[in-house]
$ cat target-v1.cif   # mmCIF, C-alpha atoms and all ligand atoms
data_query
loop_
_atom_site.group_PDB
_atom_site.id
_atom_site.type_symbol
_atom_site.label_atom_id
_atom_site.label_comp_id
_atom_site.auth_asym_id
_atom_site.auth_seq_id
_atom_site.Cartn_x
_atom_site.Cartn_y
_atom_site.Cartn_z
ATOM 1 C CA MET A 14 80.435 16.796 -85.810
ATOM 2 C CA ILE A 15 78.537 16.111 -89.021
ATOM 3 C CA PRO A 16 79.295 19.353 -90.944
ATOM 4 C CA SER A 17 76.028 19.777 -92.857
ATOM 5 C CA LEU A 18 73.893 19.347 -89.735
ATOM 6 C CA ASP A 19 71.530 22.069 -88.525
ATOM 7 C CA MET A 20 72.019 21.402 -84.803
ATOM 8 C CA ALA A 21 69.008 23.518 -83.785
ATOM 9 C CA ASP A 22 66.776 21.358 -85.953
ATOM 10 C CA VAL A 23 68.424 18.179 -84.674
ATOM 11 C CA LEU A 24 67.850 19.269 -81.071
ATOM 12 C CA SER A 25 64.209 20.107 -81.693
ATOM 13 C CA ARG A 26 63.619 16.671 -83.162
ATOM 14 C CA ALA A 27 65.606 14.956 -80.411
ATOM 15 C CA ARG A 28 63.562 16.712 -77.711
ATOM 16 C CA ALA A 29 60.361 15.862 -79.552
ATOM 17 C CA ALA A 30 61.345 12.173 -79.756
ATOM 18 C CA PHE A 31 61.751 12.007 -75.964
ATOM 19 C CA LEU A 32 58.690 14.176 -75.292
ATOM 20 C CA GLY A 33 56.826 11.936 -77.719
ATOM 21 C CA VAL A 34 57.509 8.911 -75.524
ATOM 22 C CA ALA A 35 56.101 10.692 -72.466
ATOM 23 C CA VAL A 36 53.088 12.119 -74.308
ATOM 24 C CA GLY A 37 52.254 8.776 -75.933
ATOM 25 C CA ASP A 38 52.654 6.975 -72.603
ATOM 26 C CA ALA A 39 50.425 9.447 -70.716
ATOM 27 C CA LEU A 40 47.806 9.490 -73.488
ATOM 28 C CA GLY A 41 47.785 5.747 -74.111
ATOM 29 C CA ALA A 42 47.725 4.629 -70.474
ATOM 30 C CA THR A 43 44.032 5.570 -70.380
ATOM 31 C CA THR A 44 43.144 2.965 -73.012
ATOM 32 C CA GLU A 45 45.686 0.260 -72.110
ATOM 33 C CA TYR A 46 44.144 -3.240 -72.220
ATOM 34 C CA LEU A 47 40.856 -1.987 -73.729
ATOM 35 C CA MET A 48 39.427 -3.174 -77.027
ATOM 36 C CA PRO A 49 38.724 -0.535 -79.721
ATOM 37 C CA GLU A 50 34.930 -0.991 -79.219
ATOM 38 C CA GLU A 51 35.277 -0.424 -75.474
ATOM 39 C CA ILE A 52 37.305 2.738 -76.108
ATOM 40 C CA ARG A 53 34.615 4.030 -78.461
ATOM 41 C CA ARG A 54 31.927 3.350 -75.899
ATOM 42 C CA LEU A 55 33.845 4.964 -73.020
ATOM 43 C CA HIS A 56 35.583 7.876 -74.757
ATOM 44 C CA GLY A 57 34.259 8.250 -78.289
ATOM 45 C CA VAL A 58 37.620 9.105 -79.822
ATOM 46 C CA HIS A 59 40.216 9.153 -77.045
ATOM 47 C CA ASP A 60 42.343 12.252 -77.746
ATOM 48 C CA ARG A 61 42.899 13.963 -74.393
ATOM 49 C CA ILE A 62 45.406 13.316 -71.626
ATOM 50 C CA VAL A 63 43.018 12.550 -68.777
ATOM 51 C CA GLY A 64 44.739 9.790 -66.768
ATOM 52 C CA GLY A 65 42.606 6.973 -65.373
ATOM 53 C CA GLY A 66 42.880 3.619 -67.083
ATOM 54 C CA TRP A 67 43.506 0.360 -65.238
ATOM 55 C CA LEU A 68 46.357 2.026 -63.295
ATOM 56 C CA HIS A 69 44.123 4.900 -62.109
ATOM 57 C CA LEU A 70 46.672 7.506 -63.144
ATOM 58 C CA ALA A 71 46.527 11.239 -62.544
ATOM 59 C CA PRO A 72 46.132 13.263 -65.766
ATOM 60 C CA GLY A 73 49.590 13.650 -67.293
ATOM 61 C CA GLN A 74 51.165 10.876 -65.238
ATOM 62 C CA VAL A 75 53.545 8.562 -67.107
ATOM 63 C CA THR A 76 54.399 4.879 -66.567
ATOM 64 C CA ASP A 77 57.310 2.454 -66.966
ATOM 65 C CA ASP A 78 57.872 3.324 -70.630
ATOM 66 C CA THR A 79 58.938 6.873 -69.785
ATOM 67 C CA GLU A 80 60.408 6.022 -66.377
ATOM 68 C CA MET A 81 62.736 3.320 -67.724
ATOM 69 C CA SER A 82 63.777 5.652 -70.551
ATOM 70 C CA LEU A 83 64.642 8.228 -67.900
ATOM 71 C CA CYS A 84 66.663 5.613 -65.971
ATOM 72 C CA ILE A 85 68.845 5.106 -69.053
ATOM 73 C CA ALA A 86 69.098 8.840 -69.702
ATOM 74 C CA ARG A 87 70.136 9.626 -66.115
ATOM 75 C CA ALA A 88 72.734 6.866 -66.027
ATOM 76 C CA VAL A 89 74.354 7.988 -69.297
ATOM 77 C CA ILE A 90 74.260 11.680 -68.405
ATOM 78 C CA ASP A 91 75.671 11.106 -64.901
ATOM 79 C CA ALA A 92 78.524 8.990 -66.270
ATOM 80 C CA GLY A 93 79.208 11.404 -69.138
ATOM 81 C CA GLY A 94 78.843 8.457 -71.520
ATOM 82 C CA TRP A 95 77.542 4.921 -71.936
ATOM 83 C CA ASP A 96 77.359 3.034 -68.622
ATOM 84 C CA LEU A 97 75.572 -0.334 -68.725
ATOM 85 C CA PRO A 98 76.024 -1.183 -65.011
ATOM 86 C CA GLY A 99 74.831 2.334 -64.223
ATOM 87 C CA ILE A 100 71.697 1.701 -66.292
ATOM 88 C CA ALA A 101 71.007 -1.588 -64.487
ATOM 89 C CA ASP A 102 71.541 0.182 -61.139
ATOM 90 C CA ARG A 103 69.007 2.831 -62.123
ATOM 91 C CA PHE A 104 66.498 0.163 -63.124
ATOM 92 C CA ALA A 105 67.046 -1.546 -59.757
ATOM 93 C CA ARG A 106 66.612 1.670 -57.793
ATOM 94 C CA TRP A 107 63.497 2.436 -59.792
ATOM 95 C CA MET A 108 62.023 -1.018 -59.094
ATOM 96 C CA LYS A 109 62.686 -0.654 -55.362
ATOM 97 C CA GLY A 110 60.722 2.613 -55.463
ATOM 98 C CA LYS A 111 57.537 0.631 -56.262
ATOM 99 C CA PRO A 112 56.743 2.054 -59.704
ATOM 100 C CA VAL A 113 53.116 2.382 -60.777
ATOM 101 C CA ASP A 114 53.684 -0.281 -63.443
ATOM 102 C CA LEU A 115 56.435 -2.805 -64.163
ATOM 103 C CA GLY A 116 56.246 -5.618 -66.720
ATOM 104 C CA ALA A 117 56.934 -9.202 -65.655
ATOM 105 C CA THR A 118 59.927 -9.606 -67.999
ATOM 106 C CA CYS A 119 61.519 -6.388 -66.770
ATOM 107 C CA ARG A 120 60.921 -7.403 -63.163
ATOM 108 C CA ARG A 121 62.623 -10.766 -63.672
ATOM 109 C CA GLY A 122 65.630 -9.207 -65.435
ATOM 110 C CA ILE A 123 66.113 -6.509 -62.805
ATOM 111 C CA ARG A 124 65.700 -9.036 -59.992
ATOM 112 C CA ASP A 125 68.383 -11.248 -61.584
ATOM 113 C CA TYR A 126 70.676 -8.243 -61.851
ATOM 114 C CA LEU A 127 70.154 -7.553 -58.145
ATOM 115 C CA LEU A 128 70.673 -11.188 -57.106
ATOM 116 C CA LYS A 129 73.486 -12.188 -59.471
ATOM 117 C CA GLY A 130 74.891 -8.951 -60.871
ATOM 118 C CA GLN A 131 73.875 -10.303 -64.263
ATOM 119 C CA LEU A 132 73.802 -7.667 -67.031
ATOM 120 C CA GLU A 133 72.494 -10.049 -69.694
ATOM 121 C CA THR A 134 69.496 -12.260 -69.068
ATOM 122 C CA PRO A 135 69.750 -15.694 -70.776
ATOM 123 C CA PRO A 136 67.879 -16.224 -74.074
ATOM 124 C CA ASN A 137 64.215 -16.886 -73.431
ATOM 125 C CA GLU A 138 61.457 -17.644 -75.923
ATOM 126 C CA TRP A 139 59.029 -15.554 -73.835
ATOM 127 C CA ASP A 140 61.155 -12.413 -74.065
ATOM 128 C CA ALA A 141 59.620 -11.120 -77.326
ATOM 129 C CA GLY A 142 57.741 -8.385 -75.455
ATOM 130 C CA ASN A 143 58.061 -4.673 -76.175
ATOM 131 C CA GLY A 144 59.603 -3.703 -72.797
ATOM 132 C CA ALA A 145 63.111 -3.133 -74.143
ATOM 133 C CA ALA A 146 62.021 -1.394 -77.363
ATOM 134 C CA MET A 147 59.931 1.163 -75.474
ATOM 135 C CA ARG A 148 63.041 2.649 -73.810
ATOM 136 C CA MET A 149 65.156 3.168 -76.955
ATOM 137 C CA VAL A 150 65.131 6.956 -77.253
ATOM 138 C CA PRO A 151 68.075 7.730 -74.934
ATOM 139 C CA VAL A 152 70.180 5.089 -76.717
ATOM 140 C CA ALA A 153 69.333 6.589 -80.121
ATOM 141 C CA LEU A 154 70.185 10.090 -78.862
ATOM 142 C CA CYS A 155 73.556 9.411 -77.229
ATOM 143 C CA THR A 156 74.743 7.456 -80.301
ATOM 144 C CA LEU A 157 73.285 9.850 -82.873
ATOM 145 C CA GLY A 158 75.386 9.764 -86.039
ATOM 146 C CA ASP A 159 76.631 6.171 -85.567
ATOM 147 C CA GLU A 160 74.042 3.529 -86.428
ATOM 148 C CA GLU A 161 76.333 0.575 -85.785
ATOM 149 C CA ARG A 162 77.127 1.685 -82.300
ATOM 150 C CA MET A 163 73.459 2.450 -81.706
ATOM 151 C CA ALA A 164 72.483 -1.089 -82.734
ATOM 152 C CA ARG A 165 75.111 -2.628 -80.455
ATOM 153 C CA LEU A 166 74.165 -0.536 -77.423
ATOM 154 C CA ALA A 167 70.449 -1.022 -78.178
ATOM 155 C CA VAL A 168 70.886 -4.752 -77.731
ATOM 156 C CA ALA A 169 73.116 -4.335 -74.682
ATOM 157 C CA GLN A 170 70.502 -2.296 -72.805
ATOM 158 C CA ALA A 171 67.696 -4.559 -74.026
ATOM 159 C CA ARG A 172 69.298 -7.721 -72.688
ATOM 160 C CA ILE A 173 69.354 -6.508 -69.118
ATOM 161 C CA THR A 174 65.719 -7.659 -69.207
ATOM 162 C CA HIS A 175 64.835 -9.117 -72.643
ATOM 163 C CA ASN A 176 66.894 -11.614 -74.635
ATOM 164 C CA HIS A 177 65.063 -12.535 -77.817
ATOM 165 C CA PRO A 178 65.966 -11.937 -81.498
ATOM 166 C CA LEU A 179 62.681 -10.114 -82.163
ATOM 167 C CA SER A 180 63.195 -7.708 -79.259
ATOM 168 C CA ASP A 181 66.783 -7.120 -80.416
ATOM 169 C CA ALA A 182 65.589 -6.444 -83.980
ATOM 170 C CA ALA A 183 62.883 -4.055 -82.778
ATOM 171 C CA CYS A 184 65.303 -2.107 -80.578
ATOM 172 C CA ALA A 185 67.876 -1.656 -83.328
ATOM 173 C CA GLY A 186 65.234 -1.055 -86.014
ATOM 174 C CA LEU A 187 63.336 1.566 -84.026
ATOM 175 C CA GLY A 188 66.596 3.210 -82.966
ATOM 176 C CA ARG A 189 67.615 3.487 -86.612
ATOM 177 C CA MET A 190 64.264 5.035 -87.576
ATOM 178 C CA VAL A 191 64.464 7.542 -84.721
ATOM 179 C CA GLN A 192 68.038 8.520 -85.595
ATOM 180 C CA ARG A 193 67.300 8.933 -89.293
ATOM 181 C CA ALA A 194 64.178 10.987 -88.574
ATOM 182 C CA ILE A 195 66.139 13.245 -86.208
ATOM 183 C CA LEU A 196 68.800 13.743 -88.876
ATOM 184 C CA GLY A 197 66.080 14.879 -91.295
ATOM 185 C CA ALA A 198 65.162 11.772 -93.312
ATOM 186 C CA SER A 199 62.110 12.286 -95.510
ATOM 187 C CA ARG A 200 58.941 10.284 -95.095
ATOM 188 C CA ALA A 201 59.895 8.233 -98.155
ATOM 189 C CA GLN A 202 63.303 7.489 -96.631
ATOM 190 C CA LEU A 203 61.667 6.421 -93.372
ATOM 191 C CA ARG A 204 59.250 4.225 -95.292
ATOM 192 C CA ALA A 205 62.198 2.616 -97.068
ATOM 193 C CA ALA A 206 63.917 2.029 -93.709
ATOM 194 C CA ALA A 207 60.750 0.432 -92.307
ATOM 195 C CA GLU A 208 60.384 -1.795 -95.345
ATOM 196 C CA GLU A 209 64.013 -2.847 -95.135
ATOM 197 C CA LEU A 210 63.430 -3.797 -91.501
ATOM 198 C CA CYS A 211 60.278 -5.761 -92.417
ATOM 199 C CA ALA A 212 62.128 -7.590 -95.189
ATOM 200 C CA ARG A 213 64.726 -8.760 -92.652
ATOM 201 C CA THR A 214 62.148 -9.431 -89.934
ATOM 202 C CA PRO A 215 58.780 -10.474 -91.420
ATOM 203 C CA ALA A 216 57.086 -10.325 -87.983
ATOM 204 C CA PHE A 217 57.120 -6.510 -88.396
ATOM 205 C CA ARG A 218 55.254 -6.439 -91.748
ATOM 206 C CA PHE A 219 52.469 -3.949 -91.246
ATOM 207 C CA GLU A 220 50.395 -4.545 -94.354
ATOM 208 C CA PRO A 221 47.846 -5.977 -94.045
ATOM 209 C CA TYR A 222 47.243 -4.840 -90.459
ATOM 210 C CA ARG A 223 44.414 -6.465 -88.515
ATOM 211 C CA GLY A 224 44.394 -4.365 -85.357
ATOM 212 C CA GLU A 225 46.702 -6.555 -83.275
ATOM 213 C CA ALA A 226 48.162 -4.185 -80.644
ATOM 214 C CA SER A 227 49.417 -6.463 -77.874
ATOM 215 C CA GLY A 228 52.630 -6.247 -75.876
ATOM 216 C CA TYR A 229 54.238 -8.784 -78.216
ATOM 217 C CA VAL A 230 56.855 -6.643 -79.944
ATOM 218 C CA GLY A 231 55.829 -7.853 -83.423
ATOM 219 C CA ASP A 232 52.307 -6.518 -82.827
ATOM 220 C CA THR A 233 53.665 -3.338 -81.279
ATOM 221 C CA VAL A 234 55.942 -2.450 -84.197
ATOM 222 C CA ARG A 235 53.210 -3.312 -86.723
ATOM 223 C CA THR A 236 50.710 -1.077 -84.929
ATOM 224 C CA VAL A 237 53.137 1.839 -84.787
ATOM 225 C CA PHE A 238 54.263 1.566 -88.420
ATOM 226 C CA HIS A 239 50.686 1.148 -89.666
ATOM 227 C CA HIS A 240 49.539 4.325 -87.940
ATOM 228 C CA PHE A 241 52.708 6.370 -88.497
ATOM 229 C CA PHE A 242 52.624 5.783 -92.243
ATOM 230 C CA GLY A 243 48.819 6.007 -92.372
ATOM 231 C CA THR A 244 48.616 9.519 -90.890
ATOM 232 C CA GLY A 245 50.184 12.888 -91.694
ATOM 233 C CA ASN A 246 50.907 14.551 -88.366
ATOM 234 C CA PHE A 247 51.915 13.812 -84.770
ATOM 235 C CA ARG A 248 48.455 14.187 -83.303
ATOM 236 C CA ASP A 249 46.665 11.918 -85.778
ATOM 237 C CA CYS A 250 49.383 9.291 -85.500
ATOM 238 C CA LEU A 251 49.122 9.170 -81.706
ATOM 239 C CA VAL A 252 45.316 9.273 -81.609
ATOM 240 C CA ALA A 253 45.024 6.431 -84.134
ATOM 241 C CA THR A 254 47.589 4.393 -82.223
ATOM 242 C CA VAL A 255 46.147 4.693 -78.717
ATOM 243 C CA ASN A 256 42.566 4.136 -79.938
ATOM 244 C CA GLN A 257 43.730 0.714 -81.057
ATOM 245 C CA GLY A 258 43.845 -0.205 -77.347
ATOM 246 C CA GLY A 259 45.874 -3.234 -76.278
ATOM 247 C CA ASP A 260 49.266 -2.166 -74.967
ATOM 248 C CA ALA A 261 48.262 1.400 -75.768
ATOM 249 C CA ASP A 262 50.687 3.254 -73.495
ATOM 250 C CA THR A 263 53.616 1.446 -75.070
ATOM 251 C CA THR A 264 52.410 1.629 -78.675
ATOM 252 C CA GLY A 265 51.703 5.301 -77.876
ATOM 253 C CA ALA A 266 55.204 5.811 -76.488
ATOM 254 C CA ILE A 267 56.865 4.169 -79.495
ATOM 255 C CA ALA A 268 54.631 5.985 -81.999
ATOM 256 C CA GLY A 269 55.513 9.154 -80.080
ATOM 257 C CA MET A 270 59.264 8.579 -80.410
ATOM 258 C CA ILE A 271 59.113 8.162 -84.194
ATOM 259 C CA ALA A 272 56.468 10.807 -84.859
ATOM 260 C CA GLY A 273 58.236 13.218 -82.490
ATOM 261 C CA ALA A 274 61.560 12.685 -84.259
ATOM 262 C CA HIS A 275 59.921 13.191 -87.639
ATOM 263 C CA TYR A 276 57.519 16.087 -86.999
ATOM 264 C CA GLY A 277 59.663 17.909 -84.415
ATOM 265 C CA ARG A 278 58.783 19.841 -81.281
ATOM 266 C CA LYS A 279 56.220 22.085 -82.996
ATOM 267 C CA GLY A 280 54.279 19.039 -84.170
ATOM 268 C CA ILE A 281 53.309 18.041 -80.622
ATOM 269 C CA PRO A 282 49.970 19.595 -79.581
ATOM 270 C CA GLU A 283 50.514 22.259 -76.904
ATOM 271 C CA ARG A 284 47.533 21.033 -74.875
ATOM 272 C CA TRP A 285 49.172 17.614 -74.535
ATOM 273 C CA LEU A 286 52.473 19.165 -73.455
ATOM 274 C CA ARG A 287 50.669 21.346 -70.922
ATOM 275 C CA ARG A 288 48.898 18.318 -69.465
ATOM 276 C CA LEU A 289 52.060 16.243 -69.134
ATOM 277 C CA ASP A 290 53.545 15.932 -65.633
ATOM 278 C CA ARG A 291 55.683 19.053 -65.509
ATOM 279 C CA ARG A 292 58.735 17.480 -63.872
ATOM 280 C CA VAL A 293 58.741 14.738 -66.487
ATOM 281 C CA ARG A 294 58.328 17.217 -69.323
ATOM 282 C CA ASP A 295 61.208 19.379 -68.100
ATOM 283 C CA GLU A 296 63.486 16.418 -67.431
ATOM 284 C CA VAL A 297 62.999 14.663 -70.783
ATOM 285 C CA GLU A 298 63.571 17.894 -72.675
ATOM 286 C CA ALA A 299 66.748 18.704 -70.790
ATOM 287 C CA ALA A 300 67.971 15.102 -71.026
ATOM 288 C CA ALA A 301 67.477 15.021 -74.798
ATOM 289 C CA GLY A 302 69.865 17.936 -75.267
ATOM 290 C CA ARG A 303 72.475 16.477 -72.916
ATOM 291 C CA LEU A 304 72.349 13.063 -74.601
ATOM 292 C CA VAL A 305 72.781 14.550 -78.075
ATOM 293 C CA ALA A 306 75.756 16.535 -76.750
ATOM 294 C CA LEU A 307 77.480 13.206 -75.924
ATOM 295 C CA SER A 308 76.858 11.777 -79.397
ATOM 296 C CA PRO A 309 79.058 11.356 -82.480
ATOM 297 C CA ALA A 310 76.748 13.851 -84.247
ATOM 298 C CA ALA A 311 78.064 16.473 -81.797
ATOM 299 C CA GLY A 312 81.646 15.321 -82.323
ATOM 300 C CA ASN A 313 81.899 13.171 -79.196
ATOM 301 C CA ASP A 314 82.485 9.550 -78.287
ATOM 302 C CA PRO A 315 79.711 8.296 -75.977
ATOM 303 C CA GLU A 316 81.841 5.301 -75.021
ATOM 304 C CA GLY A 317 84.886 7.355 -74.177
ATOM 305 C CA ARG A 318 84.917 9.378 -71.000
ATOM 306 C CA ASN A 319 84.980 12.769 -72.677
ATOM 307 C CA GLY A 320 82.804 14.411 -70.047
ATOM 308 C CA ALA A 321 81.278 16.514 -72.795
ATOM 309 C CA VAL A 322 78.004 17.190 -71.062
HETATM 310 MN MN MN B 401 53.631 1.444 -69.386
HETATM 311 MN MN MN B 402 52.411 -0.897 -71.717
#
$ encode --input "target-v1.cif" --output "structure tokens"
Amino acid sequence: MIPSLDMADVLSRARAAFLGVAVGDALGATTEYLMPEEIRRLHGVHDRIVGGGWLHLAPGQVTDDTEMSLCIARAVIDAGGWDLPGIADRFARWMKGKPVDLGATCRRGIRDYLLKGQLETPPNEWDAGNGAAMRMVPVALCTLGDEERMARLAVAQARITHNHPLSDAACAGLGRMVQRAILGASRAQLRAAAEELCARTPAFRFEPYRGEASGYVGDTVRTVFHHFFGTGNFRDCLVATVNQGGDADTTGAIAGMIAGAHYGRKGIPERWLRRLDRRVRDEVEAAAGRLVALSPAAGNDPEGRNGAV
């Protein structure tokens, strides 16, 4: 246990990081694949969870970003610690359930796990998508307090489906930002962490930003950083992000994880939380607490079998 930690504050931020993924996913799915001009024409400023979009979602319904995050969370919670085969099994079960959305890279990785039992997909130049980065919250939570372990497990979970240096860097970099925000880092400290990441990985440099919001993880991280550092609260950050269109549910989910971790549970607009699929809302909140309980920040070893759930 980190002695100076206010665990109530940590838990609020941890819950908000996971809720942020679901809220950003549900909000952004409406504008996924649209251009900013099309969004303006159809919605003015899109700032309500109304469903629809190309997937024809119900209001408050979430997609693969939240569902794959929940697969990881369930596997780790059920095992009482890190369980990579358990995570792959959950992905496989989820895929067999015909999810509302599933990216091509994730589908290939999960299929190869099913056919060959392969937990690491071979390196592939096309794997620089954001599909592994979008599901980082449960990894950041169960390793809270140990950034090295987080980075290692971030890459392990990523490579079930994505094996590319840029995806790896995004997973570890976003995980680090989420952990530091949960542990109370200031905005200036988060900015420094983002700039350090951009110095190591220039594809993430977010100034100047030209509105590129695709599923390429470089674009995704740039979009999220640009809007997180360009706004001053959870709502404005998410609204700016999803009105950029492109891969809006995923940029929304990733903006939501960082903004949630930074602004905490009270920063998330109540009307968005009320609109969110209730089962999802309840499960992510409960899971966040159980994952933090397994973490080094709570005095536990997520890779040991301490059963400290
Ligand atoms: Mn999605
Ligand atoms: Mn997406």
$ atom_distance --input "target-v1.cif" --atom1 "CA of Cys119 in chain A" --atom2 "CA of Ala169 in chain A"
14.2 Å
$ closest_residue --input "target-v1.cif" --among "A:Glu316, A:Gly265, A:Asp159, A:Glu296" --to "Ala92 in chain A" --atoms "all atoms listed in the file"
A:Glu316
$ resolve_selection --input "target-v1.cif" --expression "the PyMOL selection byres (((not hetatm)) within 9 of (chain B and resi 402))" --output "ChimeraX atom specification"
/A:38,41-42,45-46,76-78,114-116,143-144,147,227-228,259-266
$ closest_residue --input "target-v1.cif" --among "A:Ile62, A:Ile267, A:Val237, A:Cys184" --to "ligand MN 401 (chain B)" --atoms "only C-alpha atoms and all ligand atoms"
A:Ile267
$ axis_aligned_box --input "target-v1.cif" --around "range 220-225 of chain A" --padding-each-side "5 Å" --output "JSON"
{"center_x": 47.4, "center_y": -5.5, "center_z": -88.8, "size_x": 16.0, "size_y": 12.2, "size_z": 21.1}
$ resolve_selection --input "target-v1.cif" --expression "the PyMOL selection byres (((chain A and resi 59) around 8) and not hetatm)" --output "PDB file with C-alpha atoms, in the coordinates of the input"
ATOM      1  CA  THR A  44      43.144   2.965 -73.012  1.00  0.00           C
ATOM      2  CA  ILE A  52      37.305   2.738 -76.108  1.00  0.00           C
ATOM      3  CA  ARG A  53      34.615   4.030 -78.461  1.00  0.00           C
ATOM      4  CA  HIS A  56      35.583   7.876 -74.757  1.00  0.00           C
ATOM      5  CA  GLY A  57      34.259   8.250 -78.289  1.00  0.00           C
ATOM      6  CA  VAL A  58      37.620   9.105 -79.822  1.00  0.00           C
ATOM      7  CA  ASP A  60      42.343  12.252 -77.746  1.00  0.00           C
ATOM      8  CA  ARG A  61      42.899  13.963 -74.393  1.00  0.00           C
ATOM      9  CA  VAL A 252      45.316   9.273 -81.609  1.00  0.00           C
ATOM     10  CA  VAL A 255      46.147   4.693 -78.717  1.00  0.00           C
ATOM     11  CA  ASN A 256      42.566   4.136 -79.938  1.00  0.00           C
TER      12      ASN A 256
END
$ atom_distance --input "target-v1.cif" --atom1 "CA of Arg87 in chain A" --atom2 "CA of Gly64 in chain A"
25.4 Å
$ resolve_selection --input "target-v1.cif" --expression "the PyMOL selection byres (((chain A and resi 277) around 9) and not hetatm)" --output "list of chain:residue names"
A:Asp22, A:Val23, A:Leu24, A:Ser25, A:Arg26, A:Ala27, A:Arg28, A:Ala29, A:Ala30, A:Ile195, A:Phe247, A:Ala272, A:Gly273, A:Ala274, A:His275, A:Tyr276, A:Arg278, A:Lys279, A:Gly280, A:Ile281
$ residues_around --input "target-v1.cif" --residues "range 185-189 of chain A" --least-positions-apart "2" --cutoff "8 Å" --atoms "all atoms listed in the file" --output "PDB file with C-alpha atoms, in the coordinates of the input"
ATOM      1  CA  ALA A 146      62.021  -1.394 -77.363  1.00  0.00           C
ATOM      2  CA  MET A 149      65.156   3.168 -76.955  1.00  0.00           C
ATOM      3  CA  VAL A 150      65.131   6.956 -77.253  1.00  0.00           C
ATOM      4  CA  VAL A 152      70.180   5.089 -76.717  1.00  0.00           C
ATOM      5  CA  ALA A 153      69.333   6.589 -80.121  1.00  0.00           C
ATOM      6  CA  GLU A 160      74.042   3.529 -86.428  1.00  0.00           C
ATOM      7  CA  MET A 163      73.459   2.450 -81.706  1.00  0.00           C
ATOM      8  CA  ALA A 164      72.483  -1.089 -82.734  1.00  0.00           C
ATOM      9  CA  ARG A 165      75.111  -2.628 -80.455  1.00  0.00           C
ATOM     10  CA  ALA A 167      70.449  -1.022 -78.178  1.00  0.00           C
ATOM     11  CA  VAL A 168      70.886  -4.752 -77.731  1.00  0.00           C
ATOM     12  CA  ASP A 181      66.783  -7.120 -80.416  1.00  0.00           C
ATOM     13  CA  ALA A 182      65.589  -6.444 -83.980  1.00  0.00           C
ATOM     14  CA  ALA A 183      62.883  -4.055 -82.778  1.00  0.00           C
ATOM     15  CA  VAL A 191      64.464   7.542 -84.721  1.00  0.00           C
ATOM     16  CA  GLN A 192      68.038   8.520 -85.595  1.00  0.00           C
ATOM     17  CA  ARG A 193      67.300   8.933 -89.293  1.00  0.00           C
ATOM     18  CA  ALA A 207      60.750   0.432 -92.307  1.00  0.00           C
ATOM     19  CA  LEU A 210      63.430  -3.797 -91.501  1.00  0.00           C
ATOM     20  CA  ILE A 271      59.113   8.162 -84.194  1.00  0.00           C
TER      21      ILE A 271
END
$ atom_distance --input "target-v1.cif" --atom1 "CA of Arg103 in chain A" --atom2 "CA of Trp285 in chain A"
27.7 Å
$ residues_around --input "target-v1.cif" --residues "Arg291 in chain A" --least-positions-apart "6" --cutoff "12 Å" --atoms "all atoms listed in the file" --output "list in words"
Leu32, Ala35, Val36, Pro72, Gly73, Gln74, Val75, Trp285, Val297 and Glu298 of chain A
$ residues_around --input "target-v1.cif" --residues "Ala101 in chain A" --least-positions-apart "3" --cutoff "9 Å" --atoms "all atoms listed in the file" --output "ChimeraX atom specification"
/A:84-85,88,96-98,104-106,123,126-127,132,170,173
$ closest_residue --input "target-v1.cif" --among "A:Leu18, A:Leu251, A:Met270, A:Leu40" --to "ligand MN 401 (chain B)" --atoms "only C-alpha atoms and all ligand atoms"
A:Leu40
$ closest_residue --input "target-v1.cif" --among "A:Cys250, A:Ala86, A:Ala39, A:Val230" --to "ligand MN 401 (chain B)" --atoms "all atoms listed in the file"
A:Ala39
